[in-house]
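work_39.txt (compact mmCIF, C-alpha atoms)
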# COMPACT_ATOMS: atom_id res chain seq x y z
CA MET A 1 -0.44 4.80 16.31
CA SER A 2 1.67 1.67 15.92
CA ALA A 3 5.29 2.44 15.01
CA SER A 4 5.29 0.23 11.94
CA ILE A 5 5.15 0.54 8.17
CA THR A 6 3.60 -2.21 6.07
CA ILE A 7 4.32 -3.07 2.45
CA CYS A 8 1.57 -5.14 0.81
CA TYR A 9 2.34 -7.05 -2.38
CA ILE A 10 -0.79 -7.81 -4.46
CA ASP A 11 -0.74 -10.26 -7.37
CA ASP A 12 -3.03 -12.87 -8.86
CA ARG A 13 -0.01 -15.12 -9.30
CA ASN A 14 2.47 -14.45 -6.54
CA ASP A 15 6.00 -13.92 -7.81
CA PRO A 16 8.16 -15.74 -5.22
CA ILE A 17 11.28 -13.81 -6.23
CA LEU A 18 9.66 -10.42 -5.69
CA SER A 19 8.04 -11.61 -2.46
CA ARG A 20 11.41 -12.83 -1.23
CA TYR A 21 13.07 -9.55 -2.12
CA LEU A 22 10.47 -7.54 -0.18
CA ASP A 23 10.93 -9.78 2.87
CA GLU A 24 14.71 -9.45 2.67
CA PHE A 25 14.44 -5.69 2.16
CA CYS A 26 12.29 -5.33 5.29
CA ASN A 27 14.58 -7.55 7.36
CA LYS A 28 17.67 -5.56 6.36
CA TYR A 29 15.87 -2.27 7.00
CA ASN A 30 14.93 -3.40 10.50
CA GLU A 31 18.42 -4.73 11.25
CA GLU A 32 19.93 -1.38 10.33
CA ASN A 33 17.41 0.29 12.67
CA ILE A 34 17.13 3.31 10.39
CA ASN A 35 14.34 4.85 12.46
CA LYS A 36 11.83 3.87 15.13
CA TYR A 37 9.45 2.37 12.59
CA GLU A 38 9.48 -1.37 11.98
CA LEU A 39 9.05 -2.44 8.36
CA ASN A 40 6.79 -5.40 7.52
CA SER A 41 5.92 -7.15 4.27
CA VAL A 42 2.67 -9.04 3.57
CA ASP A 43 1.23 -10.68 0.46
CA TYR A 44 -2.31 -10.72 -0.88
CA THR A 45 -3.36 -13.08 -3.65
CA PHE A 46 -5.95 -11.54 -5.95
CA GLN A 47 -8.99 -13.85 -6.16
CA HIS A 48 -11.31 -14.41 -9.14
CA THR A 49 -14.10 -12.69 -7.18
CA ASP A 50 -12.03 -9.58 -6.45
CA ASN A 51 -12.43 -6.13 -7.96
CA TYR A 52 -11.33 -2.68 -6.86
CA LYS A 53 -14.05 -2.44 -4.19
CA THR A 54 -13.15 -5.72 -2.55
CA LEU A 55 -9.50 -4.69 -2.50
CA LEU A 56 -10.32 -1.33 -0.93
CA SER A 57 -12.49 -3.08 1.65
CA ASN A 58 -9.77 -5.56 2.60
CA ASP A 59 -8.13 -4.68 5.93
CA ARG A 60 -4.75 -6.11 4.93
CA ILE A 61 -4.71 -3.77 1.95
CA ASN A 62 -6.32 -0.58 3.25
CA ARG A 63 -4.20 -0.67 6.42
CA ALA A 64 -0.98 -0.96 4.40
CA ASN A 65 1.28 2.05 3.89
CA ILE A 66 2.87 0.99 0.62
CA ILE A 67 1.28 -1.26 -2.01
CA VAL A 68 3.21 -3.12 -4.69
CA ILE A 69 0.61 -4.23 -7.24
CA ASP A 70 0.79 -6.17 -10.49
CA SER A 71 -0.20 -4.24 -13.60
CA LYS A 72 -2.24 -7.07 -15.15
CA LEU A 73 -4.03 -7.93 -11.90
CA PHE A 74 -7.45 -6.86 -13.11
CA GLU A 75 -7.00 -8.49 -16.50
CA ASN A 76 -6.98 -11.95 -14.98
CA GLU A 77 -8.83 -14.13 -17.48
CA ASN A 78 -10.50 -15.96 -14.59
CA SER A 79 -12.07 -12.81 -13.20
CA SER A 80 -15.75 -12.37 -14.00
CA LEU A 81 -15.87 -8.85 -12.59
CA SER A 82 -14.74 -5.45 -13.83
CA LYS A 83 -11.22 -5.44 -15.21
CA PHE A 84 -8.74 -2.75 -14.26
CA THR A 85 -5.00 -2.42 -14.50
CA GLY A 86 -2.72 -1.80 -11.56
CA GLU A 87 -2.13 1.70 -12.90
CA GLN A 88 -5.86 2.41 -12.81
CA PHE A 89 -6.16 1.01 -9.30
CA LYS A 90 -3.35 3.35 -8.26
CA ILE A 91 -5.48 6.34 -9.31
CA ILE A 92 -8.58 4.99 -7.57
CA LEU A 93 -6.63 4.35 -4.37
CA ARG A 94 -5.16 7.85 -4.45
CA GLN A 95 -8.70 9.25 -4.42
CA VAL A 96 -9.98 7.01 -1.61
CA LEU A 97 -6.89 6.59 0.58
CA PRO A 98 -4.38 9.22 -0.57
CA PHE A 99 -1.75 8.41 2.06
CA ILE A 100 -1.17 4.90 0.72
CA LYS A 101 1.71 4.83 -1.75
CA THR A 102 1.36 2.55 -4.78
CA ILE A 103 4.09 0.98 -6.90
CA VAL A 104 2.96 -0.83 -10.05
CA ILE A 105 4.96 -3.77 -11.39
CA SER A 106 4.62 -5.61 -14.68
CA GLN A 107 5.86 -8.71 -16.43
CA ASN A 108 6.27 -6.59 -19.55
CA PRO A 109 8.71 -3.74 -20.19
CA ALA A 110 7.33 -0.37 -19.11
CA SER A 111 7.06 2.50 -21.56
CA SER A 112 9.33 5.51 -21.22
CA ASP A 113 6.49 7.68 -19.90
CA SER A 114 5.46 5.21 -17.18
CA LEU A 115 6.54 4.72 -13.56
CA THR A 116 5.68 1.03 -13.76
CA ILE A 117 8.59 -1.27 -12.86
CA GLN A 118 9.28 -4.42 -14.82
CA LYS A 119 9.55 -7.63 -12.80
CA PHE A 120 12.86 -9.41 -12.62
CA GLN A 121 13.22 -12.08 -15.29
CA SER A 122 16.19 -14.37 -14.88
CA ALA A 123 15.99 -15.54 -18.50
CA VAL A 124 16.66 -12.06 -19.89
CA SER A 125 18.54 -10.30 -17.08
CA SER A 126 22.30 -10.26 -16.73
CA SER A 127 22.09 -9.52 -12.99
CA ASN A 128 20.64 -11.40 -10.02
CA TYR A 129 17.25 -10.47 -8.57
CA LYS A 130 18.70 -8.59 -5.61
CA ASP A 131 20.91 -6.34 -7.72
CA TYR A 132 18.07 -5.79 -10.18
CA TYR A 133 15.53 -4.74 -7.54
CA ASP A 134 18.12 -2.78 -5.58
CA GLU A 135 18.50 -0.61 -8.65
CA SER A 136 14.90 -0.43 -9.91
CA LEU A 137 12.69 -0.86 -6.83
CA LYS A 138 14.67 -0.03 -3.71
CA PRO A 139 15.00 3.75 -4.34
CA ILE A 140 11.22 4.05 -4.76
CA LEU A 141 10.58 1.99 -1.64
CA ILE A 142 12.95 4.19 0.37
CA GLN A 143 11.32 7.36 -0.93
CA ASN A 144 7.84 6.08 -0.05
CA ILE A 145 9.00 4.98 3.41
CA LEU A 146 10.49 8.41 4.13
CA GLN A 147 7.28 10.10 2.97
CA THR A 148 5.24 7.83 5.25
CA VAL A 149 7.47 8.50 8.25
CA GLU A 150 7.30 12.23 7.60
CA GLU A 151 3.50 12.17 7.37
CA HIS A 152 3.15 10.22 10.62
CA GLU A 153 5.54 12.53 12.44
CA ILE A 154 3.76 15.66 11.20
CA LEU A 155 0.38 14.18 12.13
CA SER A 156 1.68 13.52 15.63
CA GLU A 157 2.84 17.13 15.90
CA LEU A 158 -0.53 18.43 14.70
CA ALA A 159 -2.36 16.31 17.26
CA GLN A 160 -0.19 17.66 20.09
CA GLU A 161 -0.24 21.33 19.10
CA ASN A 162 -4.02 21.68 18.72
CA GLU A 163 -3.53 24.21 15.93
CA VAL A 164 -5.72 22.40 13.40
CA ASP A 165 -9.50 22.09 13.44
CA SER A 166 -10.41 18.83 15.19
CA LEU A 167 -12.70 17.71 12.37
CA LEU A 168 -9.97 18.17 9.77
CA LEU A 169 -7.44 16.45 12.01
CA GLY A 170 -9.81 13.53 12.54
CA THR A 171 -10.31 13.18 8.80
CA ILE A 172 -6.55 13.07 8.23
CA GLN A 173 -6.05 10.59 11.06
CA SER A 174 -8.75 8.25 9.80
CA THR A 175 -7.50 8.41 6.21
CA ILE A 176 -3.93 7.56 7.23
CA LEU A 177 -5.24 4.59 9.20
CA GLY A 178 -7.11 3.24 6.20
CA ILE A 179 -10.67 4.37 6.91
CA ARG A 180 -12.40 4.87 3.59
CA ASP A 181 -14.64 7.60 2.21
CA THR A 182 -18.24 6.33 2.60
CA ALA A 183 -19.35 8.16 -0.54
CA LEU A 184 -17.44 5.62 -2.61
CA PHE A 185 -18.91 2.52 -0.96
CA GLU A 186 -22.19 0.79 -0.32
CA LYS A 187 -24.24 1.76 2.76
CA ASP A 188 -23.41 -1.61 4.31
CA ASP A 189 -19.93 -0.26 5.01
CA LEU A 190 -21.20 2.71 7.02
CA ASP A 191 -21.59 0.93 10.38
CA GLU A 192 -18.11 -0.53 10.13
CA LEU A 193 -16.69 2.85 9.14
CA ILE A 194 -18.28 4.53 12.17
CA LYS A 195 -16.92 1.79 14.43
CA LEU A 196 -13.40 2.24 13.03
CA PHE A 197 -13.62 6.01 13.32
CA ASN A 198 -14.65 5.79 16.98
CA GLU A 199 -11.73 3.45 17.65
CA VAL A 200 -9.33 5.96 16.08
CA LYS A 201 -10.90 8.83 18.00
CA LEU A 202 -10.51 7.01 21.33
CA ARG A 203 -6.90 6.16 20.48
CA TYR A 204 -5.99 9.83 19.97
CA GLU A 205 -7.97 11.05 22.97
CA ASP A 206 -6.01 8.79 25.37
Show this structure as structure tokens.
Amino acid sequence: MSASITICYIDDRNDPILSRYLDEFCNKYNEENINKYELNSVDYTFQHTDNYKTLLSNDRINRANIIVIDSKLFENENSSLSKFTGEQFKIILRQVLPFIKTIVISQNPASSDSLTIQKFQSAVSSSNYKDYYDESLKPILIQNILQTVEEHEILSELAQENEVDSLLLGTIQSTILGIRDTALFEKDDLDELIKLFNEVKLRYED
């Protein structure tokens, strides 16, 4: 397993300030060498043909460890397909790939009973973008990174100790690496899923 953690930012209209913050956050994290995992940030622009299935089938997304997704992504007026919010996608993703952490962001203020984070808006904020996201986003990113590191370390221990049924261990390994549940996809995905599973199996048998 590659010693890296990937943050994927998904938006139909990329917010350059948020994208810059995530890049800077990853660079600082790597410079401080907090642990053996390297932190990377990638962007994905939501297309008018996208829906939740295309996102879940996208390698850049389903191989990520942490997703930062816009709340109004699936309400894009140009999208002709099913409309979902980032919060709804978070629930879907938790069912399909439960080891991927999801952080929802929004242009609008979040309600008091929501974990959604409001995007930085220079016109209404008294702080700069770095201070704003350091306070609102950074603690959640750190928590999700620590959870990911812990899961990978425990998985490595389980693989070495041979105390867990091999089928269960294989299921956990494949899910962490972004291999999806075939029951939630079209049959066309089955061949690719089997190929990916065999690649994972060979990797852990070496």
### Task
Using atom CA of A:Lys53 and atom CA of A:Ala3 as the two end points, give the distance in Å to one decimal.
27.7 Å
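What separates atom CA of A:Tyr9 from atom CA of A:Ile105 is a distance of 9.9 Å.
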Around all listed atoms of stretch 25-44 of chain A, padded 8 Å per side, what centre and edge lengths does the axis-aligned box have in Å to one decimal, as JSON?
{"center_x": 8.8, "center_y": -2.9, "center_z": 7.1, "size_x": 38.2, "size_y": 31.6, "size_z": 32.0}
### Query
Between atom CA of A:Leu168 and atom CA of A:Leu141, what is the spacing in Å?
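So the answer is 28.5 Å.
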### Query
Could you name the residues that touch A:Ile103 at 8 Å or less, counting only C-alpha atoms, but leaving out those on the same chain fewer than 6 positions away, as JSON, numbers by chain?
{"A": [66, 67, 68, 69, 90, 116, 117]}
### Option closest in space to A:Asn144, from A:Leu22, A:Leu73, A:Ile5, A:Ile91 [counting all atoms listed in the file]
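Once distances to A:Asn144 are computed over all atoms listed in the file, the minimum belongs to A:Ile5.
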### Message
Neighbouring residues of A:Ser19 were defined as those with any atom within 9 Å, considering all atoms listed in the file; residues of the same chain fewer than 5 positions away were excluded. Please report them as a list in words.
### Response
Tyr9, Asn14, Glu24, Ser41, Val42 and Asp43 of chain A
### Task
List the neighbours of A:Tyr21 out to 8 Å using all atoms listed in the file; skip same-chain residues closer than 2 positions along the sequence, and give me the result as a ChimeraX atom specification.
/A:17-19,23-25,129-130,133
